[in-house]
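So this block is structure.txt, compact mmCIF, C-alpha atoms:
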```
# COMPACT_ATOMS: atom_id res chain seq x y z
CA MET A 1 99.84 37.56 72.94
CA PRO A 2 99.90 40.58 75.28
CA LEU A 3 98.82 43.90 73.86
CA LEU A 4 101.78 46.18 73.12
CA LYS A 5 101.19 49.87 72.55
CA VAL A 6 103.84 52.54 72.17
CA ARG A 7 102.55 55.94 73.21
CA ALA A 8 104.78 58.93 72.56
CA ARG A 9 102.68 62.09 72.71
CA GLN A 10 104.19 64.77 70.52
CA ALA A 11 103.28 68.44 70.58
CA PRO A 12 102.00 69.89 67.29
CA PRO A 13 104.45 72.10 65.38
CA GLY A 14 104.83 75.55 66.84
CA LEU A 15 103.95 74.70 70.42
CA GLY A 16 106.51 75.60 73.07
CA LEU A 17 108.18 73.28 75.55
CA ALA A 18 105.68 74.08 78.28
CA MET A 19 102.77 72.91 76.13
CA ALA A 20 104.74 69.89 74.98
CA ALA A 21 105.34 68.90 78.59
CA LEU A 22 101.63 69.34 79.26
CA LEU A 23 100.79 66.93 76.48
CA VAL A 24 103.32 64.35 77.60
CA PHE A 25 102.42 64.48 81.29
CA PRO A 26 98.63 64.10 81.59
CA ALA A 27 97.12 64.90 84.95
CA LEU A 28 97.44 61.93 87.25
CA ALA A 29 94.26 60.03 87.80
CA GLN A 30 92.71 60.78 91.17
CA ASN A 31 93.47 57.26 92.38
CA LEU A 32 97.19 58.01 92.03
CA ASP A 33 97.06 61.38 93.79
CA PRO A 34 97.82 60.03 97.31
CA LEU A 35 100.90 58.19 96.02
CA TYR A 36 102.07 61.26 94.15
CA GLU A 37 101.56 63.40 97.26
CA ALA A 38 103.51 60.88 99.33
CA LEU A 39 106.46 61.02 96.92
CA GLY A 40 106.80 64.71 97.72
CA LYS A 41 107.09 63.90 101.44
CA VAL A 42 110.15 61.67 100.93
CA PRO A 43 113.61 63.19 100.24
CA ARG A 44 114.93 62.55 96.77
CA THR A 45 118.25 61.59 98.36
CA VAL A 46 116.87 58.16 99.36
CA LEU A 47 117.33 57.14 95.73
CA ALA A 48 121.11 57.51 96.12
CA ASP A 49 121.30 54.82 98.80
CA ALA A 50 121.04 51.97 96.26
CA ALA A 51 118.42 50.18 98.37
CA PRO A 52 116.43 47.69 96.27
CA GLU A 53 113.14 49.07 97.66
CA PRO A 54 113.69 52.69 98.76
CA LEU A 55 109.98 53.46 99.20
CA LEU A 56 106.88 51.58 100.40
CA PHE A 57 103.37 53.07 100.23
CA VAL A 58 100.02 51.94 101.66
CA ASP A 59 96.73 53.76 101.01
CA LEU A 60 94.53 53.34 104.09
CA VAL A 61 91.56 55.12 102.49
CA VAL A 62 91.44 52.42 99.81
CA LEU A 63 91.74 49.67 102.43
CA ARG A 64 88.78 51.11 104.29
CA HIS A 65 86.84 51.35 101.03
CA LEU A 66 87.52 47.70 100.22
CA ALA A 67 86.46 46.68 103.71
CA GLU A 68 83.18 48.54 103.29
CA ARG A 69 82.67 47.03 99.84
CA GLU A 70 83.22 43.54 101.24
CA GLY A 71 80.83 44.25 104.12
CA MET A 72 83.48 43.82 106.77
CA ASP A 73 85.28 45.95 109.35
CA THR A 74 88.81 47.15 108.60
CA GLU A 75 90.24 44.49 110.87
CA PRO A 76 93.21 42.13 110.32
CA ASP A 77 91.57 40.19 107.47
CA ILE A 78 91.39 43.18 105.13
CA VAL A 79 94.57 44.84 106.45
CA ARG A 80 96.57 41.77 105.48
CA ARG A 81 95.93 42.74 101.86
CA ALA A 82 98.50 45.52 102.47
CA GLY A 83 101.48 43.24 103.08
CA LEU A 84 103.95 46.12 102.75
CA GLY A 85 102.52 47.55 105.95
CA GLY A 86 103.95 44.62 107.86
CA ARG A 87 107.38 46.22 107.48
CA MET A 88 106.25 49.45 109.18
CA MET A 89 106.06 49.64 112.97
CA ALA A 90 103.18 52.09 112.53
CA MET A 91 101.02 49.34 110.97
CA GLU A 92 102.29 46.32 112.90
CA GLY A 93 99.38 46.23 115.33
CA LEU A 94 96.74 46.40 112.61
CA PHE A 95 97.70 42.91 111.43
CA THR A 96 96.96 41.31 114.81
CA ARG A 97 94.80 43.73 116.79
CA SER A 98 91.57 45.64 116.23
CA GLN A 99 91.65 49.13 114.79
CA ALA A 100 90.06 50.35 118.03
CA ALA A 101 93.02 49.06 120.04
CA TRP A 102 95.39 50.67 117.54
CA SER A 103 93.54 54.01 117.73
CA ASP A 104 93.66 54.04 121.53
CA THR A 105 97.45 53.99 121.52
CA ALA A 106 98.05 55.99 118.31
CA GLY A 107 96.61 59.26 119.60
CA THR A 108 94.29 59.50 116.60
CA ASP A 109 91.56 57.42 115.07
CA PHE A 110 92.57 54.95 112.37
CA SER A 111 90.10 56.62 110.02
CA ALA A 112 92.05 59.90 110.28
CA VAL A 113 95.18 58.49 108.61
CA ARG A 114 95.10 58.58 104.81
CA TYR A 115 98.33 56.76 104.01
CA PHE A 116 101.64 55.49 105.32
CA VAL A 117 104.86 55.74 103.34
CA GLY A 118 108.06 54.09 104.51
CA PHE A 119 111.64 54.91 103.49
CA ASP A 120 115.22 55.06 104.81
CA PRO A 121 115.40 51.49 106.20
CA VAL A 122 118.54 51.98 108.35
CA PRO A 123 118.42 51.45 111.30
CA ARG A 124 114.64 51.07 110.99
CA LEU A 125 112.12 52.09 108.39
CA SER A 126 111.07 55.73 108.74
CA VAL A 127 107.32 56.22 108.24
CA VAL A 128 105.40 59.26 107.05
CA TRP A 129 101.86 59.47 108.43
CA GLY A 130 99.67 61.23 105.85
CA LEU A 131 96.72 63.05 107.40
CA GLU A 132 93.92 65.13 105.93
CA SER A 133 95.20 68.58 106.88
CA LYS A 134 97.91 70.59 108.58
CA ASP A 135 95.63 71.03 111.59
CA ALA A 136 95.11 67.27 111.87
CA ALA A 137 98.86 66.63 111.78
CA SER A 138 99.73 69.32 114.31
CA GLY A 139 96.85 68.11 116.49
CA LEU A 140 98.25 64.57 116.58
CA TRP A 141 101.72 65.89 117.36
CA GLN A 142 100.29 67.92 120.24
CA THR A 143 98.41 64.86 121.52
CA LEU A 144 101.67 62.92 121.66
CA VAL A 145 103.25 65.73 123.67
CA GLU A 146 100.31 65.73 126.07
CA ARG A 147 100.71 61.96 126.47
CA GLY A 148 104.29 62.39 127.56
CA PHE A 149 106.46 62.52 124.43
CA LEU A 150 109.46 64.62 125.42
CA ALA A 151 111.61 67.18 123.64
CA THR A 152 114.89 65.72 122.38
CA GLY A 153 117.11 68.77 122.17
CA MET A 154 116.59 68.95 118.42
CA ARG A 155 114.09 71.57 117.34
CA GLY A 156 110.67 70.16 116.48
CA VAL A 157 111.51 66.57 117.48
CA VAL A 158 109.79 64.74 120.33
CA SER A 159 110.13 61.13 121.49
CA ASN A 160 108.73 58.40 123.71
CA ASP A 161 112.33 57.35 124.48
CA ASP A 162 111.52 56.77 128.13
CA PRO A 163 110.89 53.46 129.95
CA GLY A 164 107.59 54.75 131.28
CA LEU A 165 106.23 55.42 127.80
CA ILE A 166 107.36 52.26 125.99
CA GLN A 167 104.44 49.81 126.11
CA HIS A 168 105.86 46.71 124.39
CA GLN A 169 102.59 45.93 122.66
CA ALA A 170 101.92 45.45 118.97
CA ALA A 171 98.83 47.65 119.09
CA ASP A 172 100.98 50.69 119.92
CA PRO A 173 102.26 52.11 116.60
CA TRP A 174 104.83 54.28 118.40
CA SER A 175 106.70 51.48 120.17
CA GLY A 176 105.50 48.17 118.72
CA SER A 177 105.77 44.70 120.20
CA GLN A 178 109.54 45.06 120.69
CA GLY A 179 109.26 48.30 122.63
CA LYS A 180 111.32 50.52 120.35
CA ALA A 181 111.41 54.30 120.73
CA SER A 182 110.01 56.62 118.07
CA PHE A 183 111.22 60.13 117.25
CA VAL A 184 108.52 62.30 115.72
CA GLY A 185 108.32 65.57 113.81
CA VAL A 186 105.51 67.36 111.99
CA LYS A 187 105.48 69.27 108.70
CA GLY A 188 102.37 70.37 106.85
CA ASN A 189 99.77 67.61 106.82
CA VAL A 190 102.18 64.80 107.74
CA LEU A 191 104.23 63.44 110.64
CA LEU A 192 107.49 61.56 110.39
CA GLN A 193 108.18 58.62 112.70
CA ALA A 194 111.84 57.59 112.71
CA ALA A 195 114.34 55.58 114.73
CA THR A 196 116.69 58.49 115.50
CA PRO A 197 116.23 62.22 116.19
CA ALA A 198 118.76 63.05 113.47
CA GLN A 199 116.55 61.46 110.81
CA VAL A 200 113.62 63.64 111.82
CA SER A 201 115.74 66.79 112.17
CA ALA A 202 117.09 66.31 108.64
CA TRP A 203 113.56 65.80 107.26
CA ILE A 204 111.90 68.89 108.77
CA PRO A 205 113.55 71.57 106.55
CA ASP A 206 112.50 71.90 102.91
CA PHE A 207 113.99 69.36 100.53
CA ALA A 208 113.67 68.12 96.96
CA GLY A 209 111.20 65.23 97.03
CA MET A 210 111.17 62.00 95.08
CA ASP A 211 108.45 63.51 92.89
CA GLU A 212 111.08 65.89 91.44
CA ASP A 213 113.30 63.07 90.16
CA ALA A 214 113.18 62.44 86.39
CA VAL A 215 113.27 58.64 86.76
CA VAL A 216 110.42 58.71 89.26
CA ARG A 217 108.39 61.10 87.08
CA ALA A 218 108.75 58.85 84.05
CA ALA A 219 107.70 55.80 86.05
CA THR A 220 104.72 57.65 87.52
CA ASN A 221 103.72 58.74 84.04
CA GLY A 222 103.73 55.08 83.07
CA LEU A 223 101.60 54.19 86.08
CA GLU A 224 98.86 56.51 84.85
CA SER A 225 98.48 54.12 81.94
CA ALA A 226 99.14 50.83 83.75
CA VAL A 227 96.86 51.50 86.72
CA GLY A 228 94.05 53.20 84.79
CA ASP A 229 90.93 53.59 86.91
CA HIS A 230 91.94 50.95 89.44
CA LEU A 231 92.28 51.80 93.12
CA VAL A 232 95.88 51.78 94.39
CA VAL A 233 96.11 49.69 97.57
CA GLN A 234 99.91 49.70 97.99
CA ALA A 235 103.03 50.38 95.96
CA VAL A 236 106.77 49.84 96.14
CA PHE A 237 109.48 51.73 94.28
CA VAL A 238 112.09 49.26 93.07
CA SER A 239 115.71 49.74 92.03
CA PRO A 240 117.62 47.11 90.05
CA ASN A 241 119.51 44.71 92.28
CA PRO A 242 122.93 43.98 90.73
CA LEU A 243 123.11 40.71 92.68
CA LEU A 244 120.14 39.45 90.67
CA ALA A 245 121.43 40.54 87.26
CA ASN A 246 122.15 37.00 86.17
CA ALA A 247 119.42 35.99 83.76
CA ASP A 248 120.28 35.24 80.13
CA ASP A 249 116.71 36.08 79.15
CA GLY A 250 116.08 38.86 81.67
CA ILE A 251 114.85 42.37 81.02
CA PRO A 252 117.31 45.17 80.20
CA ARG A 253 118.62 46.94 83.30
CA TYR A 254 116.14 49.66 84.27
CA LEU A 255 116.73 52.92 86.17
CA GLY A 256 113.93 52.47 88.71
CA GLY A 257 110.21 51.93 88.79
CA PHE A 258 107.03 50.98 90.62
CA VAL A 259 105.23 47.75 91.35
CA VAL A 260 101.65 48.46 92.41
CA ASP A 261 98.86 46.44 93.99
CA ALA A 262 95.56 47.78 92.66
CA GLN A 263 91.92 46.76 92.73
CA ALA A 264 88.84 47.12 90.54
CA ASP A 265 86.46 44.18 90.16
CA ASN A 266 89.56 41.98 90.35
CA PRO A 267 93.00 42.46 91.91
CA VAL A 268 95.71 43.83 89.62
CA ILE A 269 99.48 44.12 89.71
CA ALA A 270 100.82 47.06 87.71
CA VAL A 271 104.50 47.54 86.82
CA ALA A 272 106.14 50.70 85.44
CA LEU A 273 109.92 50.67 84.89
CA THR A 274 111.91 53.66 83.60
CA TYR A 275 114.41 53.26 80.73
CA GLU A 276 116.76 55.66 78.99
CA ASP A 277 115.02 55.07 75.67
CA CYS A 278 111.93 53.45 74.19
CA ASP A 279 113.84 50.67 72.39
CA ARG A 280 114.92 49.16 75.70
CA ALA A 281 111.44 49.69 77.12
CA GLU A 282 109.89 47.80 74.19
CA THR A 283 112.26 44.90 74.80
CA ALA A 284 111.41 44.99 78.50
CA VAL A 285 107.64 44.69 78.04
CA GLU A 286 108.06 41.73 75.72
CA VAL A 287 110.36 39.95 78.16
CA MET A 288 108.23 40.79 81.22
CA ALA A 289 105.12 39.35 79.60
CA ARG A 290 106.95 36.20 78.53
CA ARG A 291 108.61 35.66 81.90
CA TRP A 292 105.28 36.17 83.66
CA ARG A 293 103.67 33.44 81.56
CA ASP A 294 106.66 31.14 82.10
CA THR A 295 107.21 31.62 85.84
CA MET A 296 103.91 32.61 87.46
CA PRO A 297 101.28 29.87 87.94
CA ILE A 298 98.46 32.41 88.23
CA GLU A 299 95.63 32.65 85.70
CA SER A 300 95.66 36.24 84.54
CA GLU A 301 95.27 38.71 81.70
CA ILE A 302 98.38 40.64 80.63
CA VAL A 303 98.47 44.07 78.97
CA THR A 304 101.75 45.88 78.20
CA GLU A 305 102.54 49.37 76.95
CA VAL A 306 105.50 51.70 76.44
CA VAL A 307 104.93 55.28 77.59
CA ALA A 308 107.26 58.12 76.60
CA SER A 309 108.05 61.09 78.84
CA SER A 310 109.36 64.60 78.18
CA ASP A 311 112.69 63.69 79.82
CA ASP A 312 113.65 61.53 76.82
CA MET A 313 112.90 58.48 78.95
CA CYS A 314 110.33 55.74 78.50
CA ALA A 315 108.37 53.59 80.92
CA ALA A 316 107.88 49.89 80.25
CA THR A 317 104.50 49.05 81.77
CA MET A 318 102.61 45.85 82.40
CA ARG A 319 99.21 45.27 83.98
CA VAL A 320 98.27 41.77 85.12
CA THR A 321 94.66 41.18 86.16
CA SER A 322 93.92 38.16 88.33
CA GLU A 323 90.79 36.06 87.93
CA SER A 324 90.21 36.20 91.69
CA ALA A 325 87.31 38.38 92.86
CA ASP A 326 88.39 38.34 96.52
CA ALA A 327 89.34 41.88 97.59
CA THR A 328 91.17 40.65 100.69
CA VAL A 329 94.06 39.20 98.66
CA ASN A 330 96.04 39.92 95.51
CA PRO A 331 97.72 36.63 94.55
CA ALA A 332 99.99 38.26 91.97
CA PHE A 333 101.28 41.01 94.27
CA ASP A 334 101.68 38.57 97.15
CA ALA A 335 103.81 36.38 94.87
CA PHE A 336 105.91 39.42 94.00
CA LEU A 337 106.53 40.19 97.69
CA ARG A 338 107.47 36.60 98.54
CA ARG A 339 109.89 36.20 95.66
CA GLN A 340 111.32 39.72 95.87
CA MET A 341 112.40 39.19 99.47
CA THR A 342 114.12 35.86 98.77
CA THR A 343 115.44 34.94 95.33
CA GLY A 344 114.09 38.02 93.57
CA PHE A 345 110.97 38.40 91.47
CA PRO A 346 111.76 36.55 88.21
CA VAL A 347 109.68 38.89 86.04
CA LEU A 348 111.94 41.81 87.01
CA GLN A 349 115.21 39.90 86.83
CA THR A 350 117.68 41.78 84.68
CA ARG A 351 120.20 40.59 82.09
CA LYS A 352 123.77 39.75 82.87
CA ASP A 353 125.08 42.57 80.68
```
Would you write the structure of this file as structure tokens?
Amino acid sequence: MPLLKVRARQAPPGLGLAMAALLVFPALAQNLDPLYEALGKVPRTVLADAAPEPLLFVDLVVLRHLAEREGMDTEPDIVRRAGLGGRMMAMEGLFTRSQAAWSDTAGTDFSAVRYFVGFDPVPRLSVVWGLESKDAASGLWQTLVERGFLATGMRGVVSNDDPGLIQHQAADPWSGSQGKASFVGVKGNVLLQAATPAQVSAWIPDFAGMDEDAVVRAATNGLESAVGDHLVVQAVFVSPNPLLANADDGIPRYLGGFVVDAQADNPVIAVALTYEDCDRAETAVEVMARRWRDTMPIESEIVTEVVASSDDMCAATMRVTSESADATVNPAFDAFLRRQMTTGFPVLQTRKD
């Protein structure tokens, strides 16, 4: 049977709300810091679009670490571990070309990019490039201008929307194999690459980020438990898909949550779903564990937990550790991606009600 723990950290009598919140929200483990930073770079409004996967995240620092650990270059073999990156034009070339070829056309070295986070999939996924510092981000933006990216008429937005700049090669993260234009803006230590100038112009001013949303905070709080000390390779924020709410034995409908690909000695898939209360979360972890055993032909260890937050919400969490020791693949997360894009991942299928 999977381990079930209910953790609701309560402040001792007499402590104020600020201290209570401190006890409920422990500091995120360092391995989750890049994801948490990335959430602040994405407008909270993307959650209102009802997209089943409003955010995709890939940690390039972890990919490079795994490549070094495996004694290999960060070439297509290790990059393919980050399957979510295949949906981002910025990473397209890394799946088929060398990182040197990618760096030549990117305007910066591959090692300078810490993470990519994709959101706003219409008409094409917008991608935030996370760099080490404000100077690094503004330096890349200036390099693009020097290479011919032109002003668009919208303040702070430049583009390669010119036939002479579109290269039609997968190694170029700014145009890709299909030769699509990119519109680019810079803010702090990140750049935004989008399909239209309006998307970039709307992103440049200050906004409330996803990290300020109560549902996201509760799910992230759950991840601190589910991920533990594992390295986060990639993550996707999921919203319940009403078209897949047809299982008699499915989990209760959740508000939102994360599915994470992580790595320690073995690959791990970590799930954290936010619920209005802990009773539903307890039901969810029991059903998730059972449906995993019933539908996933992957030898693995399952641990579940319910984690309470200060917003009167609870996260249903599950960690599944694969027996594979190969850092270039995560069989469980790959299965999630395949099923999620077709019939839906059965472990996350919700009830009819």
Can you pull out every residue within 9 Å of stretch 158-161 of chain A, counting all atoms listed in the file, but drop anything in the same chain fewer than 2 positions away, and send it as a list in words?
->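 Once the adjacent positions are removed, what remains is Trp141, Leu144, Val145, Gly148, Phe149, Leu150, Ala151, Thr152, Gly153, Met154, Arg155, Gly156, Pro163, Gly164, Leu165, Ile166, Trp174, Ser175, Lys180, Ala181, Ser182, Phe183, Val184, Gly185 and Pro197 of chain A.
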Figure out the distance between atom CA of A:Leu231 and atom CA of A:Leu32, please, to one decimal in Å.
->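 Taking atom CA of A:Leu32 and atom CA of A:Leu231, their separation equals 8.0 Å.
With only C-alpha atoms taken into account, the protein and nucleic acid residues at most 9 Å from A:Thr45 (excluding it and anything under 5 positions from it in its own chain) are A:Ala208, A:Gly209, A:Met210.
Proximity of A:Val347, A:Val117, A:Met313, A:Ala82 to A:Asp294, computed with all atoms listed in the file, is greatest for A:Val347.
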Please provide the set of residues having any atom within 10 Å of A:Met296, restricted to all atoms listed in the file, with same-chain residues fewer than 3 positions apart removed, written as a PyMOL selection string.
-> chain A and resi 291-293+299-300+332+335-336+345-347
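Between atom CA of A:Pro121 and atom CA of A:Gly257 there is a distance of 18.2 Å.
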Between atom CA of A:Val303 and atom CA of A:His65, measure the distance and give it in Å to one decimal.
-> 26.0 Å
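The closest residue to A:Val79, picked from A:Asp59, A:Asp172, A:Asp249, A:Glu323 and counting only C-alpha atoms, is A:Asp59.
For the residues A:Phe57, A:Phe116, A:Phe237, A:Phe258, ranking by smallest atom-to-atom distance to A:Met91 using all atoms listed in the file places A:Phe116 first.
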Residues near A:Asp261, cut-off 9 Å, all atoms listed in the file, skip fewer than 6 positions along chain, as a PyMOL selection string = chain A and resi 82+231-236+267-270+330+332-334
Which of these residues is nearest to A:Val46, using only C-alpha atoms: A:Ser225, A:Ser310, A:Gln199, A:Gln340?
->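 Answer, going by the shortest atom-to-atom distance: A:Gln199.
Using all atoms listed in the file, the residues found no farther than 12 Å from A:Ala112, other than those of its own chain fewer than 2 positions away, are Leu60, Val61, Arg64, Gln99, Ser103, Ala106, Gly107, Thr108, Asp109, Phe110, Arg114, Tyr115, Phe116, Trp129, Gly130, Leu131, Glu132, Ser133, Asp135, Ala136, Ala137, Gly139, Leu140, Asn189 and Val190 of chain A.
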Which one of A:Thr328, A:Ala100, A:Met88, A:Pro205 sits closest to A:Arg69 if you count all atoms listed in the file?
->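 Of all the options, A:Thr328 lies closest to A:Arg69.
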Expected residue set, 8 Å radius at (112.0, 58.0, 110.6), all atoms listed in the file, as number ranges by chain | A: 119-120, 124-128, 182-184, 192-196, 199-200
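Proximity of A:Val157, A:Leu39, A:Leu255, A:Met288 to A:Ala202, computed with only C-alpha atoms, is greatest for A:Val157.
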If the box runs along x, y and z of the file and leaves 5 Å on each side of stretch 104-109 of chain A, what are its centre and edge lengths in Å, one decimal, as JSON?
```
{"center_x": 94.8, "center_y": 56.7, "center_z": 118.3, "size_x": 16.5, "size_y": 15.5, "size_z": 16.5}
```
